[in-house]
file entry-v6.pdb (PDB, C-alpha atoms and all ligand atoms)
ATOM      1  CA  MET A  20     -24.572 -73.043 -51.688  1.00  0.00           C
ATOM      2  CA  ILE A  21     -25.589 -70.696 -54.555  1.00  0.00           C
ATOM      3  CA  THR A  22     -24.558 -71.349 -58.152  1.00  0.00           C
ATOM      4  CA  VAL A  23     -24.710 -68.304 -60.457  1.00  0.00           C
ATOM      5  CA  VAL A  24     -26.114 -69.288 -63.862  1.00  0.00           C
ATOM      6  CA  LEU A  25     -25.902 -67.007 -66.896  1.00  0.00           C
ATOM      7  CA  ALA A  26     -28.793 -68.091 -69.092  1.00  0.00           C
ATOM      8  CA  SER A  27     -27.577 -66.559 -72.348  1.00  0.00           C
ATOM      9  CA  THR A  28     -26.185 -67.653 -75.702  1.00  0.00           C
ATOM     10  CA  SER A  29     -24.694 -64.189 -76.211  1.00  0.00           C
ATOM     11  CA  PRO A  30     -20.875 -64.357 -76.248  1.00  0.00           C
ATOM     12  CA  ARG A  31     -20.866 -60.633 -75.345  1.00  0.00           C
ATOM     13  CA  ARG A  32     -22.781 -61.234 -72.100  1.00  0.00           C
ATOM     14  CA  GLN A  33     -20.525 -64.175 -71.278  1.00  0.00           C
ATOM     15  CA  GLN A  34     -17.410 -62.001 -71.811  1.00  0.00           C
ATOM     16  CA  LEU A  35     -18.797 -59.139 -69.744  1.00  0.00           C
ATOM     17  CA  LEU A  36     -19.657 -61.336 -66.769  1.00  0.00           C
ATOM     18  CA  ALA A  37     -16.320 -63.142 -67.071  1.00  0.00           C
ATOM     19  CA  MET A  38     -14.575 -59.788 -66.526  1.00  0.00           C
ATOM     20  CA  ALA A  39     -16.003 -59.691 -63.016  1.00  0.00           C
ATOM     21  CA  ASP A  40     -14.382 -61.776 -60.309  1.00  0.00           C
ATOM     22  CA  LEU A  41     -17.330 -64.151 -60.142  1.00  0.00           C
ATOM     23  CA  ASP A  42     -17.751 -67.887 -60.692  1.00  0.00           C
ATOM     24  CA  PHE A  43     -20.651 -68.734 -62.964  1.00  0.00           C
ATOM     25  CA  VAL A  44     -21.879 -71.413 -65.344  1.00  0.00           C
ATOM     26  CA  ILE A  45     -23.734 -70.996 -68.631  1.00  0.00           C
ATOM     27  CA  HIS A  46     -27.075 -72.687 -69.203  1.00  0.00           C
ATOM     28  CA  SER A  47     -29.216 -71.061 -71.876  1.00  0.00           C
ATOM     29  CA  ALA A  48     -32.632 -71.845 -73.309  1.00  0.00           C
ATOM     30  CA  GLU A  49     -34.359 -70.625 -76.466  1.00  0.00           C
ATOM     31  CA  VAL A  50     -37.627 -68.649 -76.453  1.00  0.00           C
ATOM     32  CA  ASP A  51     -39.904 -67.151 -79.111  1.00  0.00           C
ATOM     33  CA  GLU A  52     -38.745 -63.513 -79.424  1.00  0.00           C
ATOM     34  CA  THR A  53     -41.713 -62.223 -81.468  1.00  0.00           C
ATOM     35  CA  VAL A  54     -42.865 -58.716 -80.478  1.00  0.00           C
ATOM     36  CA  GLN A  55     -46.619 -58.666 -79.771  1.00  0.00           C
ATOM     37  CA  ALA A  56     -48.849 -56.105 -81.483  1.00  0.00           C
ATOM     38  CA  GLY A  57     -49.094 -52.895 -79.448  1.00  0.00           C
ATOM     39  CA  GLU A  58     -46.458 -53.998 -76.940  1.00  0.00           C
ATOM     40  CA  SER A  59     -44.218 -51.189 -75.637  1.00  0.00           C
ATOM     41  CA  PRO A  60     -40.421 -51.664 -75.920  1.00  0.00           C
ATOM     42  CA  GLN A  61     -40.067 -51.859 -72.132  1.00  0.00           C
ATOM     43  CA  ASP A  62     -42.971 -54.313 -71.724  1.00  0.00           C
ATOM     44  CA  TYR A  63     -41.458 -56.446 -74.487  1.00  0.00           C
ATOM     45  CA  ILE A  64     -37.991 -56.830 -72.918  1.00  0.00           C
ATOM     46  CA  VAL A  65     -39.412 -57.377 -69.420  1.00  0.00           C
ATOM     47  CA  ARG A  66     -41.622 -60.139 -70.872  1.00  0.00           C
ATOM     48  CA  MET A  67     -38.596 -61.583 -72.710  1.00  0.00           C
ATOM     49  CA  VAL A  68     -36.354 -61.846 -69.614  1.00  0.00           C
ATOM     50  CA  GLY A  69     -39.251 -63.482 -67.759  1.00  0.00           C
ATOM     51  CA  ALA A  70     -39.790 -66.016 -70.556  1.00  0.00           C
ATOM     52  CA  LYS A  71     -36.039 -66.706 -70.821  1.00  0.00           C
ATOM     53  CA  ALA A  72     -35.938 -67.280 -67.044  1.00  0.00           C
ATOM     54  CA  VAL A  73     -38.869 -69.736 -67.100  1.00  0.00           C
ATOM     55  CA  ALA A  74     -37.298 -71.701 -69.984  1.00  0.00           C
ATOM     56  CA  ALA A  75     -33.792 -71.748 -68.461  1.00  0.00           C
ATOM     57  CA  CYS A  76     -34.964 -72.700 -64.952  1.00  0.00           C
ATOM     58  CA  HIS A  77     -37.152 -75.487 -66.336  1.00  0.00           C
ATOM     59  CA  SER A  78     -34.323 -76.900 -68.425  1.00  0.00           C
ATOM     60  CA  LEU A  79     -31.829 -76.568 -65.547  1.00  0.00           C
ATOM     61  CA  VAL A  80     -34.029 -78.453 -63.075  1.00  0.00           C
ATOM     62  CA  SER A  81     -34.854 -81.171 -65.610  1.00  0.00           C
ATOM     63  CA  GLN A  82     -31.115 -81.934 -65.897  1.00  0.00           C
ATOM     64  CA  MET A  83     -30.479 -82.032 -62.162  1.00  0.00           C
ATOM     65  CA  PRO A  84     -29.447 -85.339 -60.545  1.00  0.00           C
ATOM     66  CA  VAL A  85     -32.068 -86.948 -58.287  1.00  0.00           C
ATOM     67  CA  LYS A  86     -31.982 -85.387 -54.804  1.00  0.00           C
ATOM     68  CA  THR A  87     -31.269 -87.635 -51.839  1.00  0.00           C
ATOM     69  CA  ALA A  88     -32.243 -86.859 -48.227  1.00  0.00           C
ATOM     70  CA  SER A  89     -28.634 -86.135 -47.284  1.00  0.00           C
ATOM     71  CA  THR A  90     -27.965 -83.659 -50.130  1.00  0.00           C
ATOM     72  CA  GLU A  91     -27.349 -80.094 -48.887  1.00  0.00           C
ATOM     73  CA  ARG A  92     -29.776 -77.406 -50.168  1.00  0.00           C
ATOM     74  CA  GLN A  93     -28.782 -76.079 -53.572  1.00  0.00           C
ATOM     75  CA  LEU A  94     -29.798 -72.653 -54.882  1.00  0.00           C
ATOM     76  CA  PHE A  95     -29.362 -71.307 -58.412  1.00  0.00           C
ATOM     77  CA  LEU A  96     -29.236 -67.595 -59.231  1.00  0.00           C
ATOM     78  CA  VAL A  97     -30.318 -67.490 -62.871  1.00  0.00           C
ATOM     79  CA  ILE A  98     -29.546 -64.330 -64.898  1.00  0.00           C
ATOM     80  CA  THR A  99     -31.465 -63.544 -68.079  1.00  0.00           C
ATOM     81  CA  SER A 100     -31.108 -60.450 -70.233  1.00  0.00           C
ATOM     82  CA  ASP A 101     -32.613 -58.876 -73.352  1.00  0.00           C
ATOM     83  CA  THR A 102     -31.359 -55.897 -75.378  1.00  0.00           C
ATOM     84  CA  ILE A 103     -33.144 -53.804 -78.017  1.00  0.00           C
ATOM     85  CA  GLY A 104     -32.773 -50.454 -79.754  1.00  0.00           C
ATOM     86  CA  VAL A 105     -35.627 -47.937 -79.716  1.00  0.00           C
ATOM     87  CA  LEU A 106     -36.053 -45.136 -82.273  1.00  0.00           C
ATOM     88  CA  PRO A 107     -36.692 -41.512 -81.178  1.00  0.00           C
ATOM     89  CA  ASP A 108     -40.481 -42.032 -81.469  1.00  0.00           C
ATOM     90  CA  GLY A 109     -40.101 -44.167 -78.303  1.00  0.00           C
ATOM     91  CA  ARG A 110     -42.156 -46.983 -79.828  1.00  0.00           C
ATOM     92  CA  SER A 111     -40.257 -48.521 -82.763  1.00  0.00           C
ATOM     93  CA  ILE A 112     -38.220 -51.528 -81.623  1.00  0.00           C
ATOM     94  CA  LEU A 113     -34.917 -52.484 -83.280  1.00  0.00           C
ATOM     95  CA  VAL A 114     -34.086 -56.166 -82.908  1.00  0.00           C
ATOM     96  CA  LYS A 115     -31.582 -58.294 -84.848  1.00  0.00           C
ATOM     97  CA  PRO A 116     -31.870 -57.660 -88.616  1.00  0.00           C
ATOM     98  CA  ILE A 117     -33.537 -60.514 -90.486  1.00  0.00           C
ATOM     99  CA  ASP A 118     -31.635 -59.671 -93.700  1.00  0.00           C
ATOM    100  CA  LYS A 119     -29.634 -56.925 -95.450  1.00  0.00           C
ATOM    101  CA  GLU A 120     -32.733 -54.883 -96.394  1.00  0.00           C
ATOM    102  CA  ASP A 121     -33.913 -54.963 -92.805  1.00  0.00           C
ATOM    103  CA  ALA A 122     -30.505 -53.759 -91.577  1.00  0.00           C
ATOM    104  CA  PHE A 123     -30.387 -50.921 -94.143  1.00  0.00           C
ATOM    105  CA  ARG A 124     -33.926 -49.857 -93.175  1.00  0.00           C
ATOM    106  CA  MET A 125     -32.907 -49.657 -89.498  1.00  0.00           C
ATOM    107  CA  TRP A 126     -29.631 -47.839 -90.222  1.00  0.00           C
ATOM    108  CA  GLN A 127     -31.390 -45.223 -92.382  1.00  0.00           C
ATOM    109  CA  GLN A 128     -33.630 -44.456 -89.412  1.00  0.00           C
ATOM    110  CA  MET A 129     -30.659 -44.342 -87.024  1.00  0.00           C
ATOM    111  CA  SER A 130     -28.447 -42.186 -89.264  1.00  0.00           C
ATOM    112  CA  ASP A 131     -27.486 -38.769 -87.784  1.00  0.00           C
ATOM    113  CA  THR A 132     -29.877 -39.210 -84.880  1.00  0.00           C
ATOM    114  CA  GLU A 133     -30.026 -40.548 -81.332  1.00  0.00           C
ATOM    115  CA  HIS A 134     -31.646 -43.878 -80.520  1.00  0.00           C
ATOM    116  CA  ALA A 135     -31.942 -45.585 -77.143  1.00  0.00           C
ATOM    117  CA  VAL A 136     -30.587 -48.990 -76.206  1.00  0.00           C
ATOM    118  CA  TRP A 137     -32.626 -50.689 -73.498  1.00  0.00           C
ATOM    119  CA  THR A 138     -31.591 -53.826 -71.632  1.00  0.00           C
ATOM    120  CA  ALA A 139     -33.765 -55.713 -69.166  1.00  0.00           C
ATOM    121  CA  VAL A 140     -32.121 -58.124 -66.722  1.00  0.00           C
ATOM    122  CA  GLN A 141     -33.916 -60.594 -64.493  1.00  0.00           C
ATOM    123  CA  LEU A 142     -32.346 -62.391 -61.534  1.00  0.00           C
ATOM    124  CA  THR A 143     -34.287 -65.487 -60.487  1.00  0.00           C
ATOM    125  CA  LEU A 144     -33.250 -67.468 -57.416  1.00  0.00           C
ATOM    126  CA  ILE A 145     -34.588 -71.026 -57.506  1.00  0.00           C
ATOM    127  CA  ASP A 146     -34.059 -74.098 -55.368  1.00  0.00           C
ATOM    128  CA  GLU A 147     -33.136 -77.533 -56.734  1.00  0.00           C
ATOM    129  CA  CYS A 148     -36.864 -78.344 -57.187  1.00  0.00           C
ATOM    130  CA  GLY A 149     -37.357 -75.272 -59.413  1.00  0.00           C
ATOM    131  CA  GLN A 150     -39.307 -73.319 -56.762  1.00  0.00           C
ATOM    132  CA  VAL A 151     -38.755 -69.565 -57.160  1.00  0.00           C
ATOM    133  CA  VAL A 152     -37.289 -68.131 -53.950  1.00  0.00           C
ATOM    134  CA  LEU A 153     -36.549 -64.525 -54.995  1.00  0.00           C
ATOM    135  CA  THR A 154     -36.638 -62.383 -58.156  1.00  0.00           C
ATOM    136  CA  ASP A 155     -35.218 -58.977 -59.082  1.00  0.00           C
ATOM    137  CA  ASN A 156     -35.527 -56.947 -62.285  1.00  0.00           C
ATOM    138  CA  LEU A 157     -33.360 -54.218 -63.795  1.00  0.00           C
ATOM    139  CA  LEU A 158     -34.225 -51.923 -66.698  1.00  0.00           C
ATOM    140  CA  GLU A 159     -31.426 -49.781 -68.108  1.00  0.00           C
ATOM    141  CA  LYS A 160     -31.351 -47.170 -70.887  1.00  0.00           C
ATOM    142  CA  THR A 161     -28.371 -45.756 -72.802  1.00  0.00           C
ATOM    143  CA  ALA A 162     -28.723 -43.007 -75.435  1.00  0.00           C
ATOM    144  CA  VAL A 163     -26.571 -43.571 -78.548  1.00  0.00           C
ATOM    145  CA  LYS A 164     -25.952 -40.857 -81.167  1.00  0.00           C
ATOM    146  CA  PHE A 165     -24.994 -42.096 -84.649  1.00  0.00           C
ATOM    147  CA  ILE A 166     -23.071 -40.141 -87.294  1.00  0.00           C
ATOM    148  CA  ALA A 167     -24.685 -39.604 -90.713  1.00  0.00           C
ATOM    149  CA  LEU A 168     -24.416 -42.877 -92.653  1.00  0.00           C
ATOM    150  CA  ASN A 169     -24.111 -43.323 -96.396  1.00  0.00           C
ATOM    151  CA  LYS A 170     -24.896 -46.323 -98.586  1.00  0.00           C
ATOM    152  CA  ALA A 171     -21.206 -47.249 -99.119  1.00  0.00           C
ATOM    153  CA  ALA A 172     -20.557 -47.392 -95.358  1.00  0.00           C
ATOM    154  CA  MET A 173     -23.662 -49.549 -94.877  1.00  0.00           C
ATOM    155  CA  GLU A 174     -22.569 -51.918 -97.691  1.00  0.00           C
ATOM    156  CA  ASP A 175     -19.080 -52.288 -96.144  1.00  0.00           C
ATOM    157  CA  TYR A 176     -20.457 -52.883 -92.667  1.00  0.00           C
ATOM    158  CA  TRP A 177     -23.011 -55.457 -93.814  1.00  0.00           C
ATOM    159  CA  ARG A 178     -20.256 -57.341 -95.669  1.00  0.00           C
ATOM    160  CA  SER A 179     -18.208 -57.563 -92.435  1.00  0.00           C
ATOM    161  CA  GLY A 180     -20.806 -59.980 -91.014  1.00  0.00           C
ATOM    162  CA  GLU A 181     -20.798 -58.166 -87.675  1.00  0.00           C
ATOM    163  CA  PRO A 182     -24.369 -56.739 -87.781  1.00  0.00           C
ATOM    164  CA  ALA A 183     -26.274 -60.020 -88.184  1.00  0.00           C
ATOM    165  CA  ASP A 184     -26.770 -61.129 -84.562  1.00  0.00           C
ATOM    166  CA  LYS A 185     -26.878 -57.710 -82.881  1.00  0.00           C
ATOM    167  CA  ALA A 186     -29.909 -55.654 -81.850  1.00  0.00           C
ATOM    168  CA  GLY A 187     -30.124 -52.631 -84.172  1.00  0.00           C
ATOM    169  CA  GLY A 188     -27.622 -54.335 -86.477  1.00  0.00           C
ATOM    170  CA  TYR A 189     -24.448 -52.954 -84.925  1.00  0.00           C
ATOM    171  CA  ALA A 190     -21.819 -53.728 -82.277  1.00  0.00           C
ATOM    172  CA  ILE A 191     -20.499 -50.789 -80.273  1.00  0.00           C
ATOM    173  CA  GLN A 192     -17.691 -53.107 -79.115  1.00  0.00           C
ATOM    174  CA  GLY A 193     -16.664 -53.818 -82.730  1.00  0.00           C
ATOM    175  CA  LYS A 194     -16.494 -52.028 -86.089  1.00  0.00           C
ATOM    176  CA  GLY A 195     -19.833 -50.407 -85.231  1.00  0.00           C
ATOM    177  CA  ALA A 196     -17.956 -48.096 -82.824  1.00  0.00           C
ATOM    178  CA  ALA A 197     -17.004 -46.005 -85.868  1.00  0.00           C
ATOM    179  CA  TRP A 198     -20.674 -45.018 -86.217  1.00  0.00           C
ATOM    180  CA  VAL A 199     -21.114 -43.961 -82.581  1.00  0.00           C
ATOM    181  CA  GLU A 200     -20.538 -40.229 -82.023  1.00  0.00           C
ATOM    182  CA  ARG A 201     -21.387 -40.361 -78.297  1.00  0.00           C
ATOM    183  CA  ILE A 202     -23.341 -42.254 -75.681  1.00  0.00           C
ATOM    184  CA  ASN A 203     -25.097 -41.200 -72.509  1.00  0.00           C
ATOM    185  CA  GLY A 204     -25.415 -44.025 -69.988  1.00  0.00           C
ATOM    186  CA  SER A 205     -23.840 -47.412 -69.365  1.00  0.00           C
ATOM    187  CA  TYR A 206     -21.520 -48.736 -72.102  1.00  0.00           C
ATOM    188  CA  SER A 207     -21.902 -52.391 -71.076  1.00  0.00           C
ATOM    189  CA  ASN A 208     -25.686 -51.916 -71.243  1.00  0.00           C
ATOM    190  CA  VAL A 209     -25.322 -51.353 -75.012  1.00  0.00           C
ATOM    191  CA  VAL A 210     -23.188 -54.499 -75.335  1.00  0.00           C
ATOM    192  CA  GLY A 211     -25.986 -56.498 -73.674  1.00  0.00           C
ATOM    193  CA  LEU A 212     -25.539 -56.515 -69.883  1.00  0.00           C
ATOM    194  CA  PRO A 213     -25.298 -53.435 -67.610  1.00  0.00           C
ATOM    195  CA  LEU A 214     -22.391 -54.864 -65.658  1.00  0.00           C
ATOM    196  CA  ALA A 215     -22.124 -52.610 -62.584  1.00  0.00           C
ATOM    197  CA  GLN A 216     -25.886 -52.739 -61.973  1.00  0.00           C
ATOM    198  CA  THR A 217     -26.028 -56.517 -62.542  1.00  0.00           C
ATOM    199  CA  LEU A 218     -23.132 -57.217 -60.161  1.00  0.00           C
ATOM    200  CA  ALA A 219     -24.756 -55.046 -57.486  1.00  0.00           C
ATOM    201  CA  ALA A 220     -28.047 -56.937 -57.918  1.00  0.00           C
ATOM    202  CA  ILE A 221     -26.241 -60.303 -57.669  1.00  0.00           C
ATOM    203  CA  LYS A 222     -24.569 -59.188 -54.430  1.00  0.00           C
ATOM    204  CA  ARG A 223     -27.924 -57.983 -53.030  1.00  0.00           C
ATOM    205  CA  MET A 224     -29.584 -61.279 -53.833  1.00  0.00           C
ATOM    206  CA  GLN A 225     -26.730 -63.346 -52.380  1.00  0.00           C
ATOM    207  CA  GLN A 226     -27.052 -61.372 -49.123  1.00  0.00           C
ATOM    208  CA  GLN A 227     -30.845 -61.809 -49.057  1.00  0.00           C
ATOM    209  CA  ALA A 228     -30.433 -65.550 -49.677  1.00  0.00           C
ATOM    210  CA  ALA A 229     -27.922 -65.838 -46.846  1.00  0.00           C
ATOM    211  CA  ASP A 230     -30.513 -64.280 -44.489  1.00  0.00           C
ATOM    212  CA  LEU A 231     -33.259 -66.769 -45.437  1.00  0.00           C
TER     213      LEU A 231
HETATM  214  C1  LIG B 301     -26.567 -52.698 -79.678  1.00  0.00           C
HETATM  215  C2  LIG B 301     -25.691 -53.916 -79.480  1.00  0.00           C
HETATM  216  C3  LIG B 301     -26.227 -55.191 -79.302  1.00  0.00           C
HETATM  217  N1  LIG B 301     -25.410 -56.277 -79.137  1.00  0.00           N
HETATM  218  C4  LIG B 301     -25.954 -57.630 -78.965  1.00  0.00           C
HETATM  219  C5  LIG B 301     -26.161 -58.069 -77.503  1.00  0.00           C
HETATM  220  C6  LIG B 301     -27.101 -59.238 -77.643  1.00  0.00           C
HETATM  221  O1  LIG B 301     -26.315 -60.449 -77.827  1.00  0.00           O
HETATM  222  C7  LIG B 301     -27.863 -58.952 -78.939  1.00  0.00           C
HETATM  223  C8  LIG B 301     -29.321 -58.677 -78.642  1.00  0.00           C
HETATM  224  O2  LIG B 301     -30.020 -59.881 -78.644  1.00  0.00           O
HETATM  225  P1  LIG B 301     -30.763 -60.523 -77.391  1.00  0.00           P
HETATM  226  O3  LIG B 301     -32.029 -61.127 -77.909  1.00  0.00           O
HETATM  227  O4  LIG B 301     -30.867 -59.535 -76.281  1.00  0.00           O
HETATM  228  O5  LIG B 301     -29.778 -61.669 -76.891  1.00  0.00           O
HETATM  229  P2  LIG B 301     -29.227 -62.952 -77.658  1.00  0.00           P
HETATM  230  O6  LIG B 301     -30.296 -63.589 -78.479  1.00  0.00           O
HETATM  231  O7  LIG B 301     -27.960 -62.559 -78.377  1.00  0.00           O
HETATM  232  O8  LIG B 301     -28.803 -63.896 -76.457  1.00  0.00           O
HETATM  233  P3  LIG B 301     -29.753 -64.610 -75.347  1.00  0.00           P
HETATM  234  O9  LIG B 301     -31.192 -64.338 -75.662  1.00  0.00           O
HETATM  235  O10 LIG B 301     -29.412 -66.069 -75.436  1.00  0.00           O
HETATM  236  O11 LIG B 301     -29.314 -64.015 -74.024  1.00  0.00           O
HETATM  237  O12 LIG B 301     -27.245 -57.786 -79.522  1.00  0.00           O
HETATM  238  C9  LIG B 301     -24.028 -56.122 -79.139  1.00  0.00           C
HETATM  239  O13 LIG B 301     -23.282 -57.111 -79.005  1.00  0.00           O
HETATM  240  N2  LIG B 301     -23.495 -54.871 -79.301  1.00  0.00           N
HETATM  241  C10 LIG B 301     -24.252 -53.752 -79.480  1.00  0.00           C
HETATM  242  O14 LIG B 301     -23.689 -52.626 -79.639  1.00  0.00           O
END

call {"tool": "encode", "arguments": {"input": "entry-v6.pdb", "output": "structure tokens"}}
result
Amino acid sequence: MITVVLASTSPRRQQLLAMADLDFVIHSAEVDETVQAGESPQDYIVRMVGAKAVAACHSLVSQMPVKTASTERQLFLVITSDTIGVLPDGRSILVKPIDKEDAFRMWQQMSDTEHAVWTAVQLTLIDECGQVVLTDNLLEKTAVKFIALNKAAMEDYWRSGEPADKAGGYAIQGKGAAWVERINGSYSNVVGLPLAQTLAAIKRMQQQAADL
């Protein structure tokens, strides 16, 4: 038996996965999300989904009931994800704003230009002892073009409270949609989980696990 575990505190990821006809449980774990000096955006999010997976798997196994000889084999397919914005220089990473000044600084750089939203997803299949059986990684990019922003619009948006816990300080699924002129790529990837690609990867891993 395989239990799908979404290891995320993000309500957006939970809503996206809930839209698919899939049973899953939520079991998240916190990690240090500091970007290391000289780290590329892609290396950073791949490292993050790996760290989130290690933390979530460890916490999951530590809460498991003691296994008896008669217990059937249990597998857990743990999904971790990390989303960032990247400015046109390809190097500058946009995470969640730490305060209003930080959000305004990001938005000024995003105004009337195209940034990229990158999401990394890791699928980690573990057994009830925490042994890793299989892993798979996805890396998805969506280009997002913003309209020209003025100070009044930024003030209004900051006051709405929406930007605070979003990478790049906006939500395409919320009021932030008014700033998005167009996108090129997966919409759900911007919201935090490239849904079609993630569901395909889950199906692949379930088939591989059945063949083990
Ligand atoms: C760009 C963008 C980001 N976001 C959100 C998705 C993510 O929740 C958040 C990026 O932060 P993440 O660090 O990727 O995720 P998280 O801390 O919210 O959740 P967890 O680590 O527990 O999985 O930004 C939107 O909701 N809409 C958007 O348009």

call {"tool": "resolve_selection", "arguments": {"input": "entry-v6.pdb", "expression": "the PyMOL selection byres (((chain A and resi 211) around 12) and not hetatm)", "output": "NGL selection string"}}
result
:A and (27-36 or 99-104 or 136-140 or 158-161 or 184-187 or 189-192 or 205-210 or 212-214 or 217)

call {"tool": "closest_residue", "arguments": {"input": "entry-v6.pdb", "among": "A:Asp155, A:Glu52, A:Asp62, A:Asp118", "to": "ligand LIG 301 (chain B)", "atoms": "all atoms listed in the file"}}
result
A:Glu52

call {"tool": "residues_around", "arguments": {"input": "entry-v6.pdb", "residues": "segment 131-134 of chain A", "least_positions_apart": "6", "cutoff": "6 Å", "atoms": "all atoms listed in the file", "output": "number ranges by chain"}}
result
A: 105-107, 162-167

call {"tool": "atom_distance", "arguments": {"input": "entry-v6.pdb", "atom1": "atom CA of Gly69 of chain A", "atom2": "atom O10 of ligand LIG 301 (chain B)"}}
result
12.7 Å

call {"tool": "closest_residue", "arguments": {"input": "entry-v6.pdb", "among": "A:Glu181, A:Asp121, A:Asp146, A:Glu91", "to": "ligand LIG 301 (chain B)", "atoms": "all atoms listed in the file"}}
result
A:Glu181

call {"tool": "resolve_selection", "arguments": {"input": "entry-v6.pdb", "expression": "the PyMOL selection byres (((chain A and resi 180) around 12) and not hetatm)", "output": "list in words"}}
result
Pro116, Asp118, Lys119, Ala122, Met173, Glu174, Asp175, Tyr176, Trp177, Arg178, Ser179, Glu181, Pro182, Ala183, Asp184, Lys185, Gly188, Tyr189, Ala190, Gly193, Lys194 and Gly195 of chain A

call {"tool": "atom_distance", "arguments": {"input": "entry-v6.pdb", "atom1": "atom CA of Ala135 of chain A", "atom2": "atom CA of Leu96 of chain A"}}
result
28.5 Å

call {"tool": "atom_distance", "arguments": {"input": "entry-v6.pdb", "atom1": "atom O3 of ligand LIG 301 (chain B)", "atom2": "atom CA of Ala196 of chain A"}}
result
19.8 Å

call {"tool": "decode", "arguments": {"input": "entry-v6.pdb", "residues": "segment 42-56 of chain A", "atoms": "N, CA and C atoms", "output": "short mmCIF file (atom, residue, chain, number, x, y, z; two decimals), in the first residue's frame"}}
result
data_model
loop_
_atom_site.label_atom_id
_atom_site.label_comp_id
_atom_site.auth_asym_id
_atom_site.auth_seq_id
_atom_site.Cartn_x
_atom_site.Cartn_y
_atom_site.Cartn_z
N ASP A 42 -6.14 10.59 -3.34
CA ASP A 42 -6.14 10.63 -1.87
C ASP A 42 -4.74 10.98 -1.39
N PHE A 43 -4.65 11.92 -0.49
CA PHE A 43 -3.34 12.25 0.07
C PHE A 43 -3.50 12.79 1.48
N VAL A 44 -2.40 12.74 2.24
CA VAL A 44 -2.39 13.34 3.57
C VAL A 44 -1.34 14.45 3.58
N ILE A 45 -1.44 15.33 4.56
CA ILE A 45 -0.47 16.43 4.66
C ILE A 45 0.42 16.20 5.86
N HIS A 46 1.72 16.27 5.64
CA HIS A 46 2.67 16.14 6.75
C HIS A 46 3.88 17.00 6.40
N SER A 47 3.92 18.21 6.92
CA SER A 47 5.00 19.12 6.52
C SER A 47 6.07 19.22 7.59
N ALA A 48 7.21 19.75 7.18
CA ALA A 48 8.32 19.97 8.12
C ALA A 48 9.05 21.23 7.70
N GLU A 49 9.52 21.98 8.68
CA GLU A 49 10.19 23.26 8.41
C GLU A 49 11.67 23.03 8.09
N VAL A 50 12.21 23.87 7.18
CA VAL A 50 13.66 23.85 6.91
C VAL A 50 14.16 25.29 6.83
N ASP A 51 15.48 25.45 6.96
CA ASP A 51 16.10 26.76 6.80
C ASP A 51 16.13 27.09 5.30
N GLU A 52 15.48 28.20 4.91
CA GLU A 52 15.35 28.52 3.48
C GLU A 52 16.35 29.59 3.02
N THR A 53 17.47 29.74 3.75
CA THR A 53 18.46 30.75 3.38
C THR A 53 19.16 30.38 2.07
N VAL A 54 19.25 31.35 1.15
CA VAL A 54 19.98 31.14 -0.10
C VAL A 54 21.47 31.24 0.20
N GLN A 55 22.26 30.26 -0.30
CA GLN A 55 23.71 30.32 -0.06
C GLN A 55 24.39 31.23 -1.07
N ALA A 56 25.50 31.85 -0.64
CA ALA A 56 26.22 32.77 -1.52
C ALA A 56 26.64 32.06 -2.80
#
